[in-house]
$ cat target19.pdb   # PDB, C-alpha atoms
ATOM      1  CA  MET L   1       0.000   0.000   0.000  1.00  0.00           C
ATOM      2  CA  CYS L   2       1.121   3.551  -0.713  1.00  0.00           C
ATOM      3  CA  GLY L   3       0.779   6.785   1.251  1.00  0.00           C
ATOM      4  CA  VAL L   4      -2.441   8.117  -0.285  1.00  0.00           C
ATOM      5  CA  GLY L   5      -5.212   8.820   2.203  1.00  0.00           C
ATOM      6  CA  GLY L   6      -3.282   7.579   5.182  1.00  0.00           C
ATOM      7  CA  CYS L   7      -1.713   9.008   8.295  1.00  0.00           C
ATOM      8  CA  GLY L   8       1.859   9.221   7.111  1.00  0.00           C
ATOM      9  CA  THR L   9       4.218  12.143   7.450  1.00  0.00           C
ATOM     10  CA  PHE L  10       2.771  14.154   4.584  1.00  0.00           C
ATOM     11  CA  SER L  11      -0.851  13.007   4.842  1.00  0.00           C
ATOM     12  CA  ASP L  12      -3.711  15.447   5.285  1.00  0.00           C
ATOM     13  CA  GLY L  13      -5.516  12.802   7.339  1.00  0.00           C
ATOM     14  CA  THR L  14      -8.011  11.943   4.628  1.00  0.00           C
ATOM     15  CA  LEU L  15      -9.509   8.513   5.105  1.00  0.00           C
ATOM     16  CA  ASN L  16     -10.435   6.814   1.849  1.00  0.00           C
ATOM     17  CA  LEU L  17     -12.818   3.928   2.344  1.00  0.00           C
ATOM     18  CA  ARG L  18     -12.236   2.338  -1.046  1.00  0.00           C
ATOM     19  CA  PRO L  19     -10.240  -0.781  -1.937  1.00  0.00           C
ATOM     20  CA  ASP L  20      -8.592   0.898  -4.942  1.00  0.00           C
ATOM     21  CA  VAL L  21      -7.000   3.908  -3.222  1.00  0.00           C
ATOM     22  CA  GLY L  22      -3.466   3.569  -1.909  1.00  0.00           C
ATOM     23  CA  GLY L  23      -3.040   0.237  -3.639  1.00  0.00           C
ATOM     24  CA  ASP L  24      -5.304  -2.437  -5.036  1.00  0.00           C
ATOM     25  CA  LEU L  25      -6.825  -4.388  -2.184  1.00  0.00           C
ATOM     26  CA  ALA L  26      -8.851  -6.561  -4.567  1.00  0.00           C
ATOM     27  CA  ALA L  27      -5.631  -7.666  -6.248  1.00  0.00           C
ATOM     28  CA  LEU L  28      -4.036  -8.396  -2.877  1.00  0.00           C
ATOM     29  CA  THR L  29      -7.011 -10.408  -1.627  1.00  0.00           C
ATOM     30  CA  GLY L  30      -7.801 -11.912  -5.005  1.00  0.00           C
ATOM     31  CA  ASP L  31     -11.469 -11.007  -4.628  1.00  0.00           C
ATOM     32  CA  GLN L  32     -13.354  -7.733  -5.106  1.00  0.00           C
ATOM     33  CA  THR L  33     -16.099  -8.756  -2.665  1.00  0.00           C
ATOM     34  CA  GLU L  34     -13.593  -9.595   0.069  1.00  0.00           C
ATOM     35  CA  ALA L  35     -11.834  -6.279  -0.525  1.00  0.00           C
ATOM     36  CA  TRP L  36     -15.077  -4.361   0.026  1.00  0.00           C
ATOM     37  CA  GLU L  37     -15.868  -6.480   3.118  1.00  0.00           C
ATOM     38  CA  LEU L  38     -12.506  -5.500   4.594  1.00  0.00           C
ATOM     39  CA  VAL L  39     -13.155  -1.823   3.846  1.00  0.00           C
ATOM     40  CA  GLU L  40     -16.557  -2.081   5.538  1.00  0.00           C
ATOM     41  CA  ARG L  41     -14.947  -3.792   8.534  1.00  0.00           C
ATOM     42  CA  VAL L  42     -12.496  -0.911   8.898  1.00  0.00           C
ATOM     43  CA  ASP L  43     -15.379   1.573   8.655  1.00  0.00           C
ATOM     44  CA  ARG L  44     -17.288  -0.263  11.417  1.00  0.00           C
ATOM     45  CA  ILE L  45     -14.210  -0.132  13.659  1.00  0.00           C
ATOM     46  CA  PHE L  46     -13.827   3.621  13.123  1.00  0.00           C
ATOM     47  CA  LEU L  47     -17.530   4.114  13.894  1.00  0.00           C
ATOM     48  CA  GLU L  48     -17.242   1.956  17.000  1.00  0.00           C
ATOM     49  CA  PHE L  49     -14.525   4.256  18.304  1.00  0.00           C
ATOM     50  CA  GLY L  50     -16.459   7.457  17.679  1.00  0.00           C
ATOM     51  CA  ALA L  51     -15.926   8.444  14.050  1.00  0.00           C
ATOM     52  CA  PRO L  52     -18.861  10.434  12.703  1.00  0.00           C
ATOM     53  CA  GLN L  53     -21.241   8.504  10.483  1.00  0.00           C
ATOM     54  CA  GLY L  54     -21.784   9.601   6.896  1.00  0.00           C
ATOM     55  CA  ALA L  55     -19.704  11.564   4.447  1.00  0.00           C
ATOM     56  CA  LEU L  56     -17.552  14.292   5.867  1.00  0.00           C
ATOM     57  CA  LEU L  57     -16.912  17.696   4.389  1.00  0.00           C
ATOM     58  CA  THR L  58     -14.169  18.032   1.811  1.00  0.00           C
ATOM     59  CA  GLU L  59     -14.581  21.749   1.070  1.00  0.00           C
ATOM     60  CA  GLY L  60     -15.780  24.818   2.885  1.00  0.00           C
ATOM     61  CA  PRO L  61     -14.662  27.190   5.637  1.00  0.00           C
ATOM     62  CA  GLU L  62     -14.150  24.418   8.200  1.00  0.00           C
ATOM     63  CA  ILE L  63     -11.788  22.567   5.891  1.00  0.00           C
ATOM     64  CA  GLY L  64      -9.901  25.757   5.069  1.00  0.00           C
ATOM     65  CA  GLU L  65      -9.465  26.434   8.778  1.00  0.00           C
ATOM     66  CA  LEU L  66      -8.155  22.916   9.413  1.00  0.00           C
ATOM     67  CA  LYS L  67      -5.717  23.211   6.498  1.00  0.00           C
ATOM     68  CA  ALA L  68      -4.461  26.547   7.828  1.00  0.00           C
ATOM     69  CA  LYS L  69      -3.945  25.090  11.318  1.00  0.00           C
ATOM     70  CA  SER L  70      -2.123  22.151   9.796  1.00  0.00           C
ATOM     71  CA  CYS L  71       0.223  24.437   7.853  1.00  0.00           C
ATOM     72  CA  ILE L  72       0.961  26.515  10.929  1.00  0.00           C
ATOM     73  CA  ARG L  73       1.628  23.409  13.005  1.00  0.00           C
ATOM     74  CA  TRP L  74       3.795  21.859  10.277  1.00  0.00           C
ATOM     75  CA  SER L  75       5.869  25.027   9.807  1.00  0.00           C
ATOM     76  CA  ALA L  76       6.363  25.330  13.580  1.00  0.00           C
ATOM     77  CA  LEU L  77       7.952  21.882  13.625  1.00  0.00           C
ATOM     78  CA  TYR L  78      10.492  22.766  10.956  1.00  0.00           C
TER
END
$ encode --input "target19.pdb" --output "structure tokens"
Amino acid sequence: MCGVGGCGTFSDGTLNLRPDVGGDLAALTGDQTEAWELVERVDRIFLEFGAPQGALLTEGPEIGELKAKSCIRWSALY
């Protein structure tokens, strides 16, 4: 798997609940259905631990504010 939509050093924290982002989970499991079942399992775990249900915002003032805070925090570290 690659660093797209993860929590790596340069990630924006975006969580992609798809088996084809960051690698090809269907190819790794050998089965598209199993890949989606694993994605759904991960989603259930996040929900169990308090993640909000439903699609989250990707644009708007709240996102701009979070990006600005992230930039400030990142620049303060380096």
$ residues_around --input "target19.pdb" --residues "stretch 35-46 of chain L" --least-positions-apart "6" --cutoff "7 Å" --atoms "only C-alpha atoms" --output "VMD selection string"
chain L and resid 17 to 19 25 to 26 29
$ atom_distance --input "target19.pdb" --atom1 "atom CA of L:Ile63" --atom2 "atom CA of L:Gly50"
19.7 Å
$ axis_aligned_box --input "target19.pdb" --around "stretch 25-43 of chain L" --padding-each-side "6 Å" --output "AutoDock Vina command-line options"
--center_x -10.3 --center_y -5.2 --center_z 1.3 --size_x 24.5 --size_y 25.5 --size_z 27.1
$ atom_distance --input "target19.pdb" --atom1 "atom CA of L:Gly22" --atom2 "atom CA of L:Ala51"
20.8 Å
$ atom_distance --input "target19.pdb" --atom1 "atom CA of L:Leu28" --atom2 "atom CA of L:Leu47"
24.9 Å
